[in-house]
Amino acid sequence: MSAVPQPRVQYQPMRDTDLVPVTAIEESIYEFPWTRGNFLDSLHAGYTCWLCQDTHGLVGYAVLMNVPDEVHLLNLSIAGHLQRRGHGARMLEFLIDNARSAKLRRMILEVRPSNDGGRRLYANFGFREAGIRRDYYPAAAGREDALVLALDL
Ligand SMILES: CC(C)(COP(=O)(O)OP(=O)(O)OC[C@H]1O[C@@H](n2cnc3c(N)ncnc32)[C@H](O)[C@@H]1OP(=O)(O)O)[C@@H](O)C(=O)NCCC(=O)NCCS
């Protein structure tokens with residue numbers, strides 16, 4: 001048994017009323033953040049939107065879009081001061097477990113080639129490169145490609 005206490009978190013569906021803390025985290029960790037409107041559109045489109053919360057408040061969130069037999073992970077974010085404590089890995093495990101329970105075939109996502117943390121997280125779960133989307137992301141010097149990663153479920 002591990003002597004390291006595991007933080008207690010809960011995963012709950014995101015609602016419109018959660019968007020103040022969600023966008024506060026989003027704006028604090030990304031150079032090109034999603035807007036409140038992007039999150040609202042996701043909620044209203046019926047995308048799967050999760051919060052990860054502990055007793056102190058919001059730890060992180062995720063947005064996923066189901067296409068018939070695949071799930072597209074659109075956003076996975078952990079508050080800056082809580083990163084690198086295992087929250088991202090545990091949340092991704094939760095999302096993958098849900099997708100497997102729903103009998104989905106594949107999880108796909110885009111990540112910036114420059115995002116070492118994200119790439120390492122996804123590689124640890126067995127995601128493999130499935131393609132490149134040219135000029136997908138805004139960047140300080142123009143645009144940045146996206147790596148498309150996929151995990152067979
Ligand atoms: C990427 C992110 C979701 C990972 O969540 P996290 O809670 O910080 O990560 P964890 O503590 O669960 O660590 C998971 C793995 O990622 C690695 N990792 C996380 N952040 C890292 C960083 N900045 N640099 C290098 N590796 C990093 C960890 O080392 C760990 O790998 P290891 O077990 O081989 O050491 C989180 O850092 C984040 O929100 N970043 C900003 C937003 C983002 O990039 N989201 C993904 C977009 S596709």
# chains A, B, ... in the order shown; residues from 1 in each chain; ligands from 1

call {"tool": "residues_around", "arguments": {"residues": "Ile78 of chain A", "least_positions_apart": "4", "cutoff": "7 Å", "atoms": "only C-alpha atoms", "output": "PyMOL selection string"}}
result
chain A and resi 59-61+82-83+88

call {"tool": "residues_near_ligand", "arguments": {"ligand": "ligand 1", "cutoff": "7 Å", "atoms": "only C-alpha atoms and all ligand atoms", "output": "list in words"}}
result
Ile29, Tyr30, Asn75, Leu76, Ser77, Ile78, Ala79, Gly80, Leu82, Gln83, Arg84, Arg85, Gly86, His87, Gly88, Ala89, Arg90, Glu110, Val111, Arg112, Asn115, Asp116, Gly117, Gly118, Arg120, Leu121 and Asn124 of chain A

call {"tool": "atom_distance", "arguments": {"atom1": "atom CA of Pro68 of chain A", "atom2": "atom CA of Thr35 of chain A"}}
result
26.6 Å

call {"tool": "closest_residue", "arguments": {"among": "A:Arg15, A:His44, A:Arg8, A:Arg128", "to": "Met65 of chain A", "atoms": "only C-alpha atoms"}}
result
A:His44

call {"tool": "closest_residue", "arguments": {"among": "A:Asp135, A:Asp69, A:His56, A:Ala62", "to": "Ala102 of chain A", "atoms": "only C-alpha atoms"}}
result
A:Asp69

call {"tool": "atom_distance", "arguments": {"atom1": "atom CA of Ala141 of chain A", "atom2": "atom CA of Val20 of chain A"}}
result
29.5 Å

call {"tool": "atom_distance", "arguments": {"atom1": "atom CA of Gly46 of chain A", "atom2": "atom CA of His72 of chain A"}}
result
13.2 Å

call {"tool": "closest_residue", "arguments": {"among": "A:Leu95, A:Val148, A:Ser28, A:Tyr136", "to": "Leu109 of chain A", "atoms": "only C-alpha atoms"}}
result
A:Val148

call {"tool": "select_by_dssp", "arguments": {"residues": "segment 29-153 of chain A", "states": "strand (DSSP E or B)", "output": "MDAnalysis selection string"}}
result
chainID A and resid 48:54 57:67 70:78 106:111 128:139 142:152

call {"tool": "residues_around", "arguments": {"residues": "Leu151 of chain A", "least_positions_apart": "6", "cutoff": "12 Å", "atoms": "only C-alpha atoms", "output": "list in words"}}
result
Glu70, Val71, His72, Leu73, Leu92, Ile96, Ala99, Arg100, Leu104, Arg105, Arg106, Met107, Ile108, Leu109, Glu110, Tyr122, Ala123, Asn124, Phe125, Gly126, Phe127, Arg128, Glu129 and Ala130 of chain A

call {"tool": "write_last_selection", "arguments": {"atoms": "N, CA and C atoms", "output": "JSON list (two decimals), in the first residue's frame"}}
result
[["chain", "number", "residue", "atom", "x", "y", "z"],
["A", 70, "GLU", "N", -16.25, 6.81, -32.34],
["A", 70, "GLU", "CA", -14.99, 7.35, -31.84],
["A", 70, "GLU", "C", -15.30, 8.50, -30.88],
["A", 71, "VAL", "N", -14.30, 8.84, -30.10],
["A", 71, "VAL", "CA", -14.43, 10.03, -29.26],
["A", 71, "VAL", "C", -13.22, 10.92, -29.53],
["A", 72, "HIS", "N", -13.51, 12.22, -29.67],
["A", 72, "HIS", "CA", -12.48, 13.20, -29.99],
["A", 72, "HIS", "C", -12.28, 14.06, -28.73],
["A", 73, "LEU", "N", -11.09, 13.94, -28.15],
["A", 73, "LEU", "CA", -10.77, 14.72, -26.94],
["A", 73, "LEU", "C", -10.34, 16.11, -27.38],
["A", 92, "LEU", "N", -7.39, 11.43, -17.52],
["A", 92, "LEU", "CA", -7.37, 10.76, -18.82],
["A", 92, "LEU", "C", -7.78, 9.29, -18.66],
["A", 96, "ILE", "N", -10.84, 7.54, -20.63],
["A", 96, "ILE", "CA", -10.65, 6.32, -21.44],
["A", 96, "ILE", "C", -11.57, 5.21, -20.94],
["A", 99, "ALA", "N", -15.00, 5.83, -22.21],
["A", 99, "ALA", "CA", -15.12, 5.56, -23.65],
["A", 99, "ALA", "C", -15.17, 4.05, -23.90],
["A", 100, "ARG", "N", -14.39, 3.30, -23.13],
["A", 100, "ARG", "CA", -14.42, 1.83, -23.30],
["A", 100, "ARG", "C", -15.79, 1.29, -22.86],
["A", 104, "LEU", "N", -16.80, 2.56, -27.43],
["A", 104, "LEU", "CA", -16.23, 3.35, -28.53],
["A", 104, "LEU", "C", -14.94, 2.68, -28.99],
["A", 105, "ARG", "N", -14.59, 2.91, -30.24],
["A", 105, "ARG", "CA", -13.50, 2.15, -30.87],
["A", 105, "ARG", "C", -12.16, 2.85, -30.72],
["A", 106, "ARG", "N", -12.18, 4.18, -30.69],
["A", 106, "ARG", "CA", -10.92, 4.92, -30.78],
["A", 106, "ARG", "C", -11.07, 6.28, -30.10],
["A", 107, "MET", "N", -10.01, 6.74, -29.45],
["A", 107, "MET", "CA", -9.97, 8.12, -28.97],
["A", 107, "MET", "C", -8.93, 8.86, -29.80],
["A", 108, "ILE", "N", -9.31, 10.03, -30.30],
["A", 108, "ILE", "CA", -8.35, 10.83, -31.05],
["A", 108, "ILE", "C", -8.24, 12.23, -30.43],
["A", 109, "LEU", "N", -7.14, 12.90, -30.70],
["A", 109, "LEU", "CA", -6.94, 14.25, -30.18],
["A", 109, "LEU", "C", -5.85, 14.93, -31.01],
["A", 110, "GLU", "N", -5.78, 16.23, -30.88],
["A", 110, "GLU", "CA", -4.69, 16.99, -31.47],
["A", 110, "GLU", "C", -3.82, 17.55, -30.35],
["A", 122, "TYR", "N", 0.18, 11.59, -23.19],
["A", 122, "TYR", "CA", -0.53, 10.74, -24.14],
["A", 122, "TYR", "C", 0.32, 9.52, -24.53],
["A", 123, "ALA", "N", 1.62, 9.72, -24.67],
["A", 123, "ALA", "CA", 2.48, 8.58, -25.01],
["A", 123, "ALA", "C", 2.43, 7.52, -23.90],
["A", 124, "ASN", "N", 2.38, 7.98, -22.65],
["A", 124, "ASN", "CA", 2.31, 7.04, -21.53],
["A", 124, "ASN", "C", 1.07, 6.15, -21.61],
["A", 125, "PHE", "N", 0.00, 6.66, -22.23],
["A", 125, "PHE", "CA", -1.25, 5.89, -22.34],
["A", 125, "PHE", "C", -1.30, 5.08, -23.63],
["A", 126, "GLY", "N", -0.25, 5.17, -24.44],
["A", 126, "GLY", "CA", -0.22, 4.37, -25.66],
["A", 126, "GLY", "C", -0.76, 5.04, -26.89],
["A", 127, "PHE", "N", -1.03, 6.35, -26.81],
["A", 127, "PHE", "CA", -1.47, 7.07, -28.03],
["A", 127, "PHE", "C", -0.34, 7.04, -29.06],
["A", 128, "ARG", "N", -0.72, 6.88, -30.32],
["A", 128, "ARG", "CA", 0.25, 6.85, -31.42],
["A", 128, "ARG", "C", -0.08, 7.95, -32.42],
["A", 129, "GLU", "N", 0.95, 8.43, -33.11],
["A", 129, "GLU", "CA", 0.74, 9.47, -34.12],
["A", 129, "GLU", "C", -0.06, 8.91, -35.28],
["A", 130, "ALA", "N", -1.15, 9.62, -35.62],
["A", 130, "ALA", "CA", -2.01, 9.15, -36.71],
["A", 130, "ALA", "C", -2.04, 10.14, -37.86]]

call {"tool": "closest_residue", "arguments": {"among": "A:Cys52, A:Ala140, A:Ala150, A:Leu64", "to": "Arg119 of chain A", "atoms": "only C-alpha atoms"}}
result
A:Ala150

call {"tool": "select_by_dssp", "arguments": {"residues": "chain A", "states": "helix (DSSP H, G or I)", "output": "PyMOL selection string"}}
result
chain A and resi 16-29+36-44+80-82+87-101+116-124

call {"tool": "residues_around", "arguments": {"residues": "Val63 of chain A", "least_positions_apart": "4", "cutoff": "6 Å", "atoms": "only C-alpha atoms", "output": "ChimeraX atom specification"}}
result
/A:48-49,74-75

call {"tool": "closest_residue", "arguments": {"among": "A:Asn66, A:Thr17, A:Asn38, A:Gln10", "to": "Gln53 of chain A", "atoms": "only C-alpha atoms"}}
result
A:Gln10

call {"tool": "closest_residue", "arguments": {"among": "A:Tyr47, A:Arg133, A:Leu19, A:Glu93", "to": "Trp34 of chain A", "atoms": "only C-alpha atoms"}}
result
A:Leu19

call {"tool": "residues_around", "arguments": {"residues": "Asp16 of chain A", "least_positions_apart": "6", "cutoff": "9 Å", "atoms": "only C-alpha atoms", "output": "list in words"}}
result
Phe39, Leu40 and Leu43 of chain A
